[in-house]
Each structure stands twice: as C-alpha cells, then as structure tokens.
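Everything below belongs to structure-v4.pdb, which stores PDB, C-alpha atoms and all ligand atoms.
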```pdb
ATOM      1  CA  MET A  18     -10.232  10.660 -13.733
ATOM      2  CA  LYS A  19      -8.587   8.173 -11.413
ATOM      3  CA  PRO A  20      -6.390   5.111 -11.996
ATOM      4  CA  PHE A  21      -7.569   1.552 -11.365
ATOM      5  CA  VAL A  22      -6.745   0.991  -7.688
ATOM      6  CA  PHE A  23      -6.347  -2.408  -6.071
ATOM      7  CA  VAL A  24      -5.233  -3.425  -2.589
ATOM      8  CA  ASN A  25      -3.106  -6.477  -1.925
ATOM      9  CA  LEU A  26      -2.598  -7.694   1.624
ATOM     10  CA  ALA A  27      -1.565 -10.667   3.671
ATOM     11  CA  MET A  28      -3.622 -11.195   6.820
ATOM     12  CA  SER A  29      -3.752 -13.830   9.526
ATOM     13  CA  ALA A  30      -6.776 -16.116   9.867
ATOM     14  CA  ASP A  31      -8.038 -13.673  12.522
ATOM     15  CA  GLY A  32      -7.716 -10.696  10.161
ATOM     16  CA  LYS A  33      -4.521  -9.080  11.447
ATOM     17  CA  LEU A  34      -1.820  -7.493   9.260
ATOM     18  CA  SER A  35       0.882  -7.535  11.941
ATOM     19  CA  THR A  36       1.335  -7.816  15.706
ATOM     20  CA  THR A  37       0.198  -5.332  18.364
ATOM     21  CA  GLU A  38       3.779  -4.016  18.251
ATOM     22  CA  ARG A  39       3.137  -3.314  14.536
ATOM     23  CA  ARG A  40       5.911  -5.727  13.684
ATOM     24  CA  GLN A  41       5.840  -7.280  10.224
ATOM     25  CA  VAL A  42       5.536 -11.074  10.324
ATOM     26  CA  LYS A  43       5.519 -13.848   7.762
ATOM     27  CA  ILE A  44       1.862 -14.583   7.078
ATOM     28  CA  SER A  45       1.861 -16.124   3.622
ATOM     29  CA  GLY A  46       4.169 -18.619   1.930
ATOM     30  CA  ARG A  47       6.705 -18.389  -0.881
ATOM     31  CA  SER A  48       4.147 -18.830  -3.670
ATOM     32  CA  ASP A  49       2.304 -15.759  -2.402
ATOM     33  CA  PHE A  50       5.483 -13.674  -2.481
ATOM     34  CA  LEU A  51       5.964 -14.723  -6.126
ATOM     35  CA  ARG A  52       2.342 -13.785  -6.925
ATOM     36  CA  VAL A  53       2.787 -10.403  -5.200
ATOM     37  CA  ASP A  54       5.953  -9.768  -7.233
ATOM     38  CA  GLU A  55       3.991 -10.472 -10.470
ATOM     39  CA  ILE A  56       1.147  -8.089  -9.640
ATOM     40  CA  LYS A  57       3.594  -5.448  -8.446
ATOM     41  CA  ALA A  58       5.516  -5.710 -11.723
ATOM     42  CA  GLY A  59       2.219  -5.381 -13.594
ATOM     43  CA  SER A  60       1.371  -2.086 -11.860
ATOM     44  CA  ASP A  61       2.356   1.458 -12.808
ATOM     45  CA  ALA A  62       2.647   2.507  -9.176
ATOM     46  CA  ILE A  63       2.714   1.041  -5.690
ATOM     47  CA  MET A  64       1.385   3.017  -2.725
ATOM     48  CA  VAL A  65       1.908   2.762   1.046
ATOM     49  CA  GLY A  66       1.151   4.884   4.087
ATOM     50  CA  ILE A  67       3.897   6.456   6.202
ATOM     51  CA  GLY A  68       2.914   4.091   9.055
ATOM     52  CA  THR A  69       4.082   1.152   6.937
ATOM     53  CA  VAL A  70       7.317   2.906   5.922
ATOM     54  CA  ILE A  71       8.136   3.586   9.574
ATOM     55  CA  ALA A  72       7.084   0.122  10.810
ATOM     56  CA  ASP A  73       8.557  -2.076   8.073
ATOM     57  CA  ASP A  74      10.958   0.050   6.007
ATOM     58  CA  PRO A  75      10.010  -1.794   2.776
ATOM     59  CA  SER A  76      11.760  -1.150  -0.531
ATOM     60  CA  LEU A  77       8.748  -2.140  -2.657
ATOM     61  CA  THR A  78      11.058  -3.151  -5.493
ATOM     62  CA  VAL A  79      10.310  -5.858  -8.046
ATOM     63  CA  LYS A  80      12.343  -8.875  -6.979
ATOM     64  CA  SER A  81      12.432 -11.240  -9.976
ATOM     65  CA  GLU A  82      15.070 -10.588 -12.671
ATOM     66  CA  ARG A  83      12.618 -11.880 -15.310
ATOM     67  CA  LEU A  84       9.912  -9.417 -14.248
ATOM     68  CA  LYS A  85      12.393  -6.530 -14.064
ATOM     69  CA  LYS A  86      13.527  -7.332 -17.620
ATOM     70  CA  GLU A  87       9.937  -7.579 -18.869
ATOM     71  CA  ARG A  88       9.309  -4.101 -17.468
ATOM     72  CA  THR A  89      12.432  -2.538 -19.006
ATOM     73  CA  ASP A  90      11.661  -4.285 -22.349
ATOM     74  CA  ARG A  91       8.272  -2.515 -22.244
ATOM     75  CA  GLY A  92      10.118   0.788 -21.801
ATOM     76  CA  CYS A  93       9.167   1.136 -18.109
ATOM     77  CA  ASP A  94      11.457   1.598 -15.137
ATOM     78  CA  GLU A  95      12.490  -1.615 -13.392
ATOM     79  CA  ASN A  96      10.185  -0.721 -10.483
ATOM     80  CA  PRO A  97       6.735   0.848 -10.435
ATOM     81  CA  VAL A  98       6.540   4.451  -9.218
ATOM     82  CA  ARG A  99       6.730   4.232  -5.431
ATOM     83  CA  ILE A 100       4.281   6.507  -3.624
ATOM     84  CA  ILE A 101       4.210   7.348   0.094
ATOM     85  CA  ILE A 102       1.154   8.973   1.679
ATOM     86  CA  ASP A 103       2.756  11.140   4.336
ATOM     87  CA  SER A 104       0.822  14.228   5.585
ATOM     88  CA  GLU A 105       3.682  15.853   7.449
ATOM     89  CA  GLY A 106       6.610  14.661   5.350
ATOM     90  CA  ARG A 107       7.960  12.406   8.106
ATOM     91  CA  THR A 108       9.582   9.884   5.737
ATOM     92  CA  PRO A 109      13.109   9.173   7.028
ATOM     93  CA  GLU A 110      15.810  10.216   4.553
ATOM     94  CA  ASN A 111      17.423   6.805   4.901
ATOM     95  CA  ALA A 112      14.182   4.855   4.165
ATOM     96  CA  GLU A 113      14.846   1.872   1.851
ATOM     97  CA  ILE A 114      12.053   2.985  -0.467
ATOM     98  CA  LEU A 115      14.026   6.167  -1.284
ATOM     99  CA  HIS A 116      17.276   4.365  -2.052
ATOM    100  CA  LYS A 117      16.820   0.767  -3.203
ATOM    101  CA  GLY A 118      16.562   0.146  -6.951
ATOM    102  CA  PRO A 119      15.921   2.564  -9.800
ATOM    103  CA  GLY A 120      12.634   4.351 -10.474
ATOM    104  CA  ARG A 121      10.579   7.361  -9.587
ATOM    105  CA  ARG A 122       9.344   8.087  -6.058
ATOM    106  CA  ILE A 123       6.480  10.386  -5.108
ATOM    107  CA  ILE A 124       5.720  11.580  -1.574
ATOM    108  CA  ALA A 125       2.194  12.961  -1.211
ATOM    109  CA  VAL A 126       1.958  15.421   1.670
ATOM    110  CA  SER A 127      -0.664  17.829   2.984
ATOM    111  CA  GLU A 128      -0.323  21.555   3.671
ATOM    112  CA  LYS A 129       0.800  20.567   7.180
ATOM    113  CA  ALA A 130       4.213  19.435   5.932
ATOM    114  CA  SER A 131       6.895  21.929   6.886
ATOM    115  CA  ASP A 132       9.114  23.595   4.274
ATOM    116  CA  LYS A 133      12.034  22.022   6.091
ATOM    117  CA  ASN A 134      10.650  18.506   5.486
ATOM    118  CA  LEU A 135       9.820  19.271   1.865
ATOM    119  CA  GLU A 136      13.368  20.512   1.290
ATOM    120  CA  ARG A 137      14.761  17.483   3.113
ATOM    121  CA  LEU A 138      12.830  15.003   0.956
ATOM    122  CA  SER A 139      12.867  16.719  -2.438
ATOM    123  CA  PRO A 140      16.293  15.319  -3.476
ATOM    124  CA  TYR A 141      14.804  11.804  -3.211
ATOM    125  CA  ALA A 142      11.217  12.111  -4.434
ATOM    126  CA  ASP A 143       8.765  14.295  -6.328
ATOM    127  CA  ILE A 144       6.399  15.962  -3.881
ATOM    128  CA  ILE A 145       2.632  16.318  -4.394
ATOM    129  CA  VAL A 146       0.854  18.660  -1.972
ATOM    130  CA  ALA A 147      -2.837  17.720  -1.614
ATOM    131  CA  GLY A 148      -5.159  18.367   1.325
ATOM    132  CA  LYS A 149      -5.099  20.609   4.380
ATOM    133  CA  ASP A 150      -4.388  18.275   7.328
ATOM    134  CA  LYS A 151      -4.522  14.735   5.942
ATOM    135  CA  VAL A 152      -3.484  13.929   2.395
ATOM    136  CA  ASP A 153      -6.431  14.377  -0.007
ATOM    137  CA  LEU A 154      -6.385  10.888  -1.547
ATOM    138  CA  GLY A 155      -8.868  11.731  -4.312
ATOM    139  CA  GLY A 156      -6.651  14.655  -5.309
ATOM    140  CA  VAL A 157      -3.595  12.391  -5.324
ATOM    141  CA  MET A 158      -5.363   9.849  -7.559
ATOM    142  CA  GLU A 159      -6.276  12.615 -10.004
ATOM    143  CA  ALA A 160      -2.699  13.871 -10.034
ATOM    144  CA  LEU A 161      -1.462  10.308 -10.696
ATOM    145  CA  SER A 162      -3.914   9.895 -13.555
ATOM    146  CA  ASP A 163      -2.690  13.219 -15.014
ATOM    147  CA  ILE A 164       0.878  11.880 -15.197
ATOM    148  CA  GLY A 165      -0.230   8.697 -16.983
ATOM    149  CA  ILE A 166      -0.493   6.264 -14.052
ATOM    150  CA  LYS A 167      -3.292   3.841 -14.889
ATOM    151  CA  LYS A 168      -2.910   1.078 -12.315
ATOM    152  CA  VAL A 169      -2.041   1.529  -8.629
ATOM    153  CA  MET A 170      -1.338  -1.300  -6.200
ATOM    154  CA  VAL A 171      -1.870  -0.377  -2.544
ATOM    155  CA  GLU A 172       0.200  -2.354  -0.020
ATOM    156  CA  GLY A 173      -1.240  -0.911   3.173
ATOM    157  CA  GLY A 174      -1.474  -0.363   5.943
ATOM    158  CA  GLY A 175      -4.880  -0.455   7.552
ATOM    159  CA  THR A 176      -5.182   3.286   8.156
ATOM    160  CA  LEU A 177      -4.544   4.202   4.527
ATOM    161  CA  ILE A 178      -6.769   1.404   3.222
ATOM    162  CA  TRP A 179      -9.626   2.474   5.484
ATOM    163  CA  SER A 180      -9.461   6.025   4.074
ATOM    164  CA  LEU A 181      -9.365   4.713   0.506
ATOM    165  CA  PHE A 182     -12.486   2.593   1.182
ATOM    166  CA  GLU A 183     -14.195   5.504   2.935
ATOM    167  CA  GLU A 184     -13.562   7.697  -0.096
ATOM    168  CA  ASN A 185     -14.650   4.981  -2.500
ATOM    169  CA  LEU A 186     -11.307   4.959  -4.307
ATOM    170  CA  ILE A 187     -10.712   1.183  -4.340
ATOM    171  CA  ASP A 188     -11.738  -0.981  -7.296
ATOM    172  CA  GLU A 189     -10.504  -4.395  -6.149
ATOM    173  CA  PHE A 190      -9.349  -5.917  -2.862
ATOM    174  CA  TYR A 191      -7.095  -9.001  -2.724
ATOM    175  CA  THR A 192      -6.228 -10.707   0.501
ATOM    176  CA  CYS A 193      -4.126 -13.753   1.183
ATOM    177  CA  ILE A 194      -5.327 -15.258   4.453
ATOM    178  CA  GLY A 195      -2.562 -17.244   6.145
ATOM    179  CA  SER A 196      -2.868 -20.140   8.548
ATOM    180  CA  ILE A 197      -1.875 -18.334  11.749
ATOM    181  CA  ILE A 198      -3.645 -16.426  14.509
ATOM    182  CA  ILE A 199      -1.915 -13.213  15.589
ATOM    183  CA  GLY A 200      -4.554 -11.765  17.897
ATOM    184  CA  GLY A 201      -4.491  -8.526  19.864
ATOM    185  CA  GLN A 202      -7.214  -5.895  19.944
ATOM    186  CA  SER A 203      -4.878  -3.171  18.687
ATOM    187  CA  ALA A 204      -3.087  -5.199  16.008
ATOM    188  CA  PRO A 205      -3.600  -3.552  12.560
ATOM    189  CA  THR A 206      -6.346  -4.992  10.348
ATOM    190  CA  ALA A 207      -7.147  -4.467   6.669
ATOM    191  CA  ALA A 208      -9.307  -1.405   7.358
ATOM    192  CA  ASP A 209      -8.746   0.472  10.604
ATOM    193  CA  GLY A 210      -9.549   4.189  10.920
ATOM    194  CA  THR A 211     -12.943   5.103  12.385
ATOM    195  CA  GLY A 212     -15.008   2.400  10.649
ATOM    196  CA  PHE A 213     -18.467   2.769   9.129
ATOM    197  CA  ILE A 214     -21.340   3.058  11.602
ATOM    198  CA  LYS A 215     -24.366   2.812   9.338
ATOM    199  CA  GLU A 216     -25.016  -0.354   7.365
ATOM    200  CA  GLU A 217     -25.933   1.602   4.264
ATOM    201  CA  ASN A 218     -22.400   3.042   4.260
ATOM    202  CA  PHE A 219     -20.577  -0.311   4.376
ATOM    203  CA  THR A 220     -18.412  -0.990   1.346
ATOM    204  CA  LYS A 221     -20.045  -3.895  -0.508
ATOM    205  CA  LEU A 222     -17.875  -6.439  -2.267
ATOM    206  CA  GLU A 223     -18.425  -9.075  -4.905
ATOM    207  CA  LEU A 224     -16.195 -12.166  -4.756
ATOM    208  CA  ILE A 225     -14.469 -12.557  -8.120
ATOM    209  CA  ASP A 226     -12.043 -15.371  -7.390
ATOM    210  CA  MET A 227     -10.763 -17.680  -4.664
ATOM    211  CA  GLU A 228      -7.955 -20.207  -4.574
ATOM    212  CA  LYS A 229      -6.028 -22.263  -2.068
ATOM    213  CA  ALA A 230      -2.565 -20.800  -1.425
ATOM    214  CA  ASP A 231      -0.260 -23.116   0.526
ATOM    215  CA  ASP A 232      -2.131 -23.583   3.799
ATOM    216  CA  GLY A 233      -4.187 -20.453   3.335
ATOM    217  CA  VAL A 234      -6.569 -18.929   0.831
ATOM    218  CA  LEU A 235      -6.369 -16.096  -1.662
ATOM    219  CA  LEU A 236      -9.559 -14.088  -2.081
ATOM    220  CA  ARG A 237     -10.203 -11.497  -4.769
ATOM    221  CA  TRP A 238     -13.079  -9.101  -4.344
ATOM    222  CA  ARG A 239     -14.455  -6.351  -6.569
ATOM    223  CA  VAL A 240     -15.955  -3.265  -4.959
ATOM    224  CA  LYS A 241     -19.577  -3.025  -6.095
TER     225      LYS A 241
HETATM  226  N1  LIG B   1       0.397  -7.817   6.050
HETATM  227  C1  LIG B   1       0.471  -6.939   5.106
HETATM  228  O1  LIG B   1       0.217  -7.248   3.931
HETATM  229  C2  LIG B   1       0.849  -5.528   5.444
HETATM  230  C3  LIG B   1       1.045  -4.613   4.413
HETATM  231  C4  LIG B   1       1.365  -3.296   4.749
HETATM  232  C5  LIG B   1       1.439  -2.917   6.082
HETATM  233  N2  LIG B   1       1.253  -3.826   7.059
HETATM  234  C6  LIG B   1       1.296  -3.435   8.484
HETATM  235  O2  LIG B   1       0.471  -2.316   8.704
HETATM  236  C7  LIG B   1       0.995  -1.530   9.782
HETATM  237  C8  LIG B   1       1.058  -0.088   9.384
HETATM  238  O3  LIG B   1      -0.223   0.390   9.113
HETATM  239  P1  LIG B   1      -0.768   1.754   9.719
HETATM  240  O4  LIG B   1      -2.236   1.694   9.658
HETATM  241  O5  LIG B   1      -0.086   2.020  11.015
HETATM  242  O6  LIG B   1      -0.177   2.855   8.739
HETATM  243  P2  LIG B   1      -0.427   3.197   7.193
HETATM  244  O7  LIG B   1       0.695   2.607   6.418
HETATM  245  O8  LIG B   1      -1.807   2.908   6.791
HETATM  246  O9  LIG B   1      -0.179   4.782   7.224
HETATM  247  C9  LIG B   1      -1.141   5.612   7.807
HETATM  248  C10 LIG B   1      -0.626   7.026   7.949
HETATM  249  O10 LIG B   1      -0.681   7.683   6.683
HETATM  250  C11 LIG B   1      -0.852   9.059   6.892
HETATM  251  N3  LIG B   1      -1.970   9.585   6.086
HETATM  252  C12 LIG B   1      -1.937  10.775   5.433
HETATM  253  N4  LIG B   1      -3.090  11.030   4.826
HETATM  254  C13 LIG B   1      -3.907   9.981   5.093
HETATM  255  C14 LIG B   1      -5.224   9.706   4.742
HETATM  256  N5  LIG B   1      -5.960  10.521   3.959
HETATM  257  N6  LIG B   1      -5.759   8.579   5.208
HETATM  258  C15 LIG B   1      -5.046   7.716   5.968
HETATM  259  N7  LIG B   1      -3.775   7.938   6.346
HETATM  260  C16 LIG B   1      -3.207   9.070   5.905
HETATM  261  C17 LIG B   1      -1.165   9.261   8.375
HETATM  262  O11 LIG B   1       0.023   9.732   8.993
HETATM  263  C18 LIG B   1      -1.506   7.870   8.850
HETATM  264  O12 LIG B   1      -1.189   7.684  10.188
HETATM  265  C19 LIG B   1       2.346  -2.112  10.120
HETATM  266  O13 LIG B   1       2.235  -2.875  11.286
HETATM  267  C20 LIG B   1       2.666  -3.004   8.924
HETATM  268  O14 LIG B   1       3.464  -4.114   9.275
HETATM  269  C21 LIG B   1       0.974  -5.121   6.767
HETATM  270  N1  LIG B   2       2.555 -11.263   0.605
HETATM  271  C1  LIG B   2       2.865 -10.990   1.887
HETATM  272  N2  LIG B   2       2.950 -11.982   2.787
HETATM  273  C2  LIG B   2       3.255 -11.728   4.089
HETATM  274  O1  LIG B   2       3.328 -12.644   4.904
HETATM  275  C3  LIG B   2       3.477 -10.368   4.480
HETATM  276  N3  LIG B   2       3.787 -10.081   5.767
HETATM  277  C4  LIG B   2       3.377  -9.367   3.500
HETATM  278  N4  LIG B   2       3.550  -8.076   3.830
HETATM  279  C5  LIG B   2       3.736  -7.081   2.815
HETATM  280  C6  LIG B   2       5.185  -6.613   2.845
HETATM  281  O2  LIG B   2       5.166  -5.338   3.488
HETATM  282  C7  LIG B   2       5.808  -6.431   1.504
HETATM  283  O3  LIG B   2       5.348  -7.262   0.509
HETATM  284  C8  LIG B   2       7.298  -6.602   1.516
HETATM  285  O4  LIG B   2       7.797  -7.074   2.712
HETATM  286  C9  LIG B   2       7.871  -5.280   1.143
HETATM  287  O5  LIG B   2       9.199  -5.151   1.512
HETATM  288  P1  LIG B   2      10.403  -5.287   0.450
HETATM  289  O6  LIG B   2       9.928  -4.730  -0.866
HETATM  290  O7  LIG B   2      10.689  -6.753   0.351
HETATM  291  O8  LIG B   2      11.513  -4.494   1.054
HETATM  292  N5  LIG B   2       3.066  -9.698   2.217
END
```
If you convert what's in this file into structure tokens, what do you get?
Ligand SMILES: NC(=O)c1ccc[n+]([C@@H]2O[C@H](COP(=O)([O-])OP(=O)(O)OC[C@H]3O[C@@H](n4cnc5c(N)ncnc54)[C@H](O)[C@@H]3O)[C@@H](O)[C@H]2O)c1
Ligand SMILES: Nc1nc(=O)c(N)c(NC[C@H](O)[C@H](O)[C@H](O)COP(=O)(O)O)[nH]1
Amino acid sequence: MKPFVFVNLAMSADGKLSTTERRQVKISGRSDFLRVDEIKAGSDAIMVGIGTVIADDPSLTVKSERLKKERTDRGCDENPVRIIIDSEGRTPENAEILHKGPGRRIIAVSEKASDKNLERLSPYADIIVAGKDKVDLGGVMEALSDIGIKKVMVEGGGTLIWSLFEENLIDEFYTCIGSIIIGGQSAPTAADGTGFIKEENFTKLELIDMEKADDGVLLRWRVK
C-alpha cells in the first residue's frame, strides 16, 4: 500500500525551479502561496529532498492561522508530518524544518548514513532506514502508509521528483508556471536525474484542470 502522492511546484515559463546557483526565487504570486498553504494544510505529510533543505532551508509549516486551527480542530498537528529524503543523514541540526512549528518530522535515510549522523538527528526526527545507497522511495511510501499517512505532498526538488516519477510513485502533478524566464542549462527543472531514454518509458499525463493564476497558469495533471 502507498499513500496518494502529489507534487506541487512553481516553475518559470522556461521550466526552471530556481537559478543555476540553486537559489530560490519568487516565481508565482501571492494567490499561489495561499493555494499552496491550503493544499499543504490538507495533506498528512509534506516531503522534500535534502538538496532543497540545503538550498532553501524551508520550514514547510502551514502559514494561515485559520488553516492551522482547522487542522487542530480535526485532531491533527498544526503542520503535516515533515519528511526529508536524505540518504546520508546530512540534514543540518539547525535546519528550520527541524525547529519551526509543532509536529512530527521524519528523516528517511539509506544504509549509507553513519551512526554518528543518525545519533545527531534522532533528537529532532524519527528516522526511517530504507535502501542501500539511495533512499528506497517505494519502501518509504509503504512505511508512511503503515503509520496512517494517506496523502503526501511533494515540494521538490527536481532530483527527488525525477526518482518518484521513475518509480511510478506519483499520482498527480501540479505546476504553477510563472511569467518569468530564468534560463541556464544547469538550473533545476521539475524532473532532473537521468531522464527517460525510451519513449515507451515516458510518464504519461492527463490534464485534469487549468486556470489562470495572476500572470501565469496553474496546471493539474494526473499520471495515467
Ligand atoms: N520552485 C519550486 O517550487 C521549488 C520547490 C522545491 C525545490 N526547488 C529548488 O530545487 C533545488 C533543489 O533540488 P535538487 O534536485 O538539488 O534536490 P532535491 O531536493 O531533489 O534532493 C535530492 C537529493 O535527495 C537525496 N536522495 C536520497 N534518495 C534519493 C532518491 N531515491 N532519489 C532522489 N534523490 C534522493 C540525494 O542526496 C539527492 O541529491 C533548489 O534549487 C530549490 O530552490 C524549487
Ligand atoms: N508556490 C511557490 N511559488 C514560488 O515562487 C516558489 N519559489 C515556490 N517554492 C516553494 C518553496 O520552497 C516553499 O513553498 C516555501 O518557500 C517553503 O518555505 P517556508 O515553509 O516558507 O519556510 N513555491
């Protein structure tokens, strides 16, 4: 069993998630941030890769007081369970995600993570060990399902999302395309990694919804 998994991203009109320096930039407008807060509050867990934690140091907390209250009224924590995919256990101890706001944190590591790193991080997060070198994402999804997590929002970045597509673990893919060009061959995109070579392996999507969002567009796709 696996939870329902959806990706939510903001990308530039040329498909970039950030600059070549991997610096987070404002791509979408205020209404998109409000939408993201709603879907985050509606999720049981929110997942990011260690690359995103190191680049952006996000907290991944729910921002609106109304949404926080709705969650606690439902008997949930104020924030969804925050999950970091981090093979070697490199998450900095002072990362915002480990400190800001209440709620459970999980760091999924592989067997490559040293005992020292596991000891270092265990005061801040529950640790799941899955996979030999890289984190076994299918194994993590099963473990999440076993602890009652039904809906996972994935925030990025492109390396993690690529692996999730490659392993056919994504159900829906939402992208807000903003009205800027970032450019740069090495700037992160929605799915980096090695890429599919054969056409028959491409992930096929079905468009389920589209709407104008400020000067950009919000697209919602379902994985066929
Ligand atoms: N615009 C947006 O909506 C948005 C959202 C999130 C991140 N970003 C951007 O994305 C960039 C970071 O993305 P990234 O691709 O460098 O890092 P990432 O967040 O995708 O993390 C990837 C890392 O996760 C670890 N990992 C462990 N097991 C893995 C597995 N099975 N598959 C894949 N990775 C695994 C590896 O160390 C890998 O390098 C930053 O520049 C950030 O600003 C943008
Ligand atoms: N919707 C959206 N528009 C953007 O222009 C942009 N750059 C992001 N990027 C995703 C970003 O990583 C996170 O939504 C927050 O920035 C997390 O960080 P906090 O929880 O606020 O600490 N998201």
Legend entry - Two-atom distance - atom P1 of ligand LIG 2 (chain B), atom CA of A:Ser131 (Å):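 Result for atom P1 of ligand LIG 2 (chain B) versus atom CA of A:Ser131: 28.2 Å, one decimal.
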Contact check, stretch 142-163 of chain A to stretch 98-113 of chain A, at most 9 Å, counting only C-alpha atoms, closest pairs as a Markdown table:
```
| residue | atom | partner | partner_atom | distance |
| --- | --- | --- | --- | --- |
| A:Ala142 | CA | A:Ile100 | CA | 9.0 |
| A:Val146 | CA | A:Ser104 | CA | 8.8 |
| A:Ala147 | CA | A:Ser104 | CA | 8.8 |
| A:Gly148 | CA | A:Ser104 | CA | 8.4 |
| A:Lys149 | CA | A:Ser104 | CA | 8.8 |
| A:Asp150 | CA | A:Ser104 | CA | 6.8 |
| A:Lys151 | CA | A:Ser104 | CA | 5.4 |
| A:Val152 | CA | A:Ser104 | CA | 5.4 |
| A:Leu154 | CA | A:Ile102 | CA | 8.4 |
```
Inset, instruction - Specify as a VMD selection string each residue included when the PyMOL selection byres (((not hetatm)) within 9 of (chain B and resi 2)) is applied to this file. - result: chain A and resid 25 to 29 34 to 35 41 to 54 69 to 70 73 to 80 113 to 114 117 172 to 174 192 to 193 195
Inset, instruction - Would you mind reading off the distance between atom CA of A:Ile71 and atom CA of A:Ile199, one decimal, in Å? - result: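 Between these atoms lies a distance of 20.5 Å.
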Inset, instruction - Point out the residue among A:Ala125, A:Ile145, A:Met158, A:Val234 with the least atom-to-atom distance to ligand LIG 1 (chain B), counting all atoms listed in the file. - result: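 So, comparing all the options, the nearest one is A:Ala125.
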Could you build a table of the residues in stretch 23-60 of chain A lying no more than 9 Å from stretch 82-95 of chain A, giving for each the nearest pair of atoms and their separation in Å rounded to one decimal place, using all atoms listed in the file, ordered by chain and ascending residue number, as CSV?
```
residue,atom,partner,partner_atom,distance
A:Asp54,CA,A:Leu84,CA,8.1
A:Glu55,CA,A:Leu84,CA,7.1
A:Ala58,CA,A:Leu84,CA,6.3
A:Gly59,CA,A:Arg88,CA,8.2
```
Evaluate the PyMOL selection byres (((chain A and resi 202-217) around 6) and not hetatm) on the structure here and hand back the selected residues as an mmCIF file with C-alpha atoms, keeping the file's coordinate frame.
```cif
data_model
loop_
_atom_site.group_PDB
_atom_site.id
_atom_site.type_symbol
_atom_site.label_atom_id
_atom_site.label_comp_id
_atom_site.auth_asym_id
_atom_site.auth_seq_id
_atom_site.Cartn_x
_atom_site.Cartn_y
_atom_site.Cartn_z
ATOM 1 C CA GLY A 32 -7.716 -10.696 10.161
ATOM 2 C CA LYS A 33 -4.521 -9.080 11.447
ATOM 3 C CA LEU A 34 -1.820 -7.493 9.260
ATOM 4 C CA THR A 36 1.335 -7.816 15.706
ATOM 5 C CA THR A 37 0.198 -5.332 18.364
ATOM 6 C CA GLY A 175 -4.880 -0.455 7.552
ATOM 7 C CA THR A 176 -5.182 3.286 8.156
ATOM 8 C CA ILE A 178 -6.769 1.404 3.222
ATOM 9 C CA TRP A 179 -9.626 2.474 5.484
ATOM 10 C CA GLY A 201 -4.491 -8.526 19.864
ATOM 11 C CA ASN A 218 -22.400 3.042 4.260
ATOM 12 C CA PHE A 219 -20.577 -0.311 4.376
#
```
Inset, instruction - Identify, on the basis of only C-alpha atoms, every residue whose closest approach to A:Val24 does not exceed 7 Å; exclude the query and any residue fewer than 5 positions from it along the same chain; express the result as a list in words. - result: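 Using only C-alpha atoms, the neighbours found are Met170, Val171, Glu172, Glu189, Phe190 and Tyr191 of chain A.
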C-alpha atoms of the current selection, written as a short mmCIF file (atom, residue, chain, number, x, y, z; two decimals), in the frame of the given file:
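The resulting selection.cif:
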```cif
data_model
loop_
_atom_site.label_atom_id
_atom_site.label_comp_id
_atom_site.auth_asym_id
_atom_site.auth_seq_id
_atom_site.Cartn_x
_atom_site.Cartn_y
_atom_site.Cartn_z
CA MET A 170 -1.34 -1.30 -6.20
CA VAL A 171 -1.87 -0.38 -2.54
CA GLU A 172 0.20 -2.35 -0.02
CA GLU A 189 -10.50 -4.39 -6.15
CA PHE A 190 -9.35 -5.92 -2.86
CA TYR A 191 -7.10 -9.00 -2.72
#
```
Legend entry - Straight-line distance linking atom CA of A:Arg237 with atom CA of A:Leu186, stated in Å to one decimal: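 These atoms are spaced 16.5 Å apart.
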Let me have the centre and edge lengths in Å, one decimal, of the box along x, y and z around every listed atom of stretch 201-218 of chain A with 3 Å of margin on each side, as lines of an AutoDock Vina configuration file.
```
center_x = -14.5
center_y = -1.7
center_z = 12.1
size_x = 28.8
size_y = 19.6
size_z = 21.7
```
Legend entry - Proximity to ligand LIG 1 (chain B) - best of A:Glu184, A:Asp232, A:Glu136, A:Asp226, all atoms listed in the file: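 Ranked by minimum distance to ligand LIG 1 (chain B), first place goes to A:Glu184.
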Inset, instruction - Extract, using only C-alpha atoms, all DNA, RNA and protein residues at most 10 Å from A:Ala62, discarding same-chain residues fewer than 5 positions from it, and format them as a ChimeraX atom specification. - result: /A:20,22,57,96-100,121-123,161,166-171
Legend entry - Which residue of A:Leu236, A:Ile63, A:Ile144, A:Leu181 approaches ligand LIG 1 (chain B) most closely, using all atoms listed in the file: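 Checking each of A:Leu236, A:Ile63, A:Ile144, A:Leu181 against ligand LIG 1 (chain B), counting all atoms listed in the file, the winner is A:Leu181.
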Legend entry - Best match for closeness to ligand LIG 1 (chain B) among A:Met18, A:Ala72, A:Leu135, A:Val157, counting all atoms listed in the file: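 Checking each of A:Met18, A:Ala72, A:Leu135, A:Val157 against ligand LIG 1 (chain B), counting all atoms listed in the file, the winner is A:Ala72.
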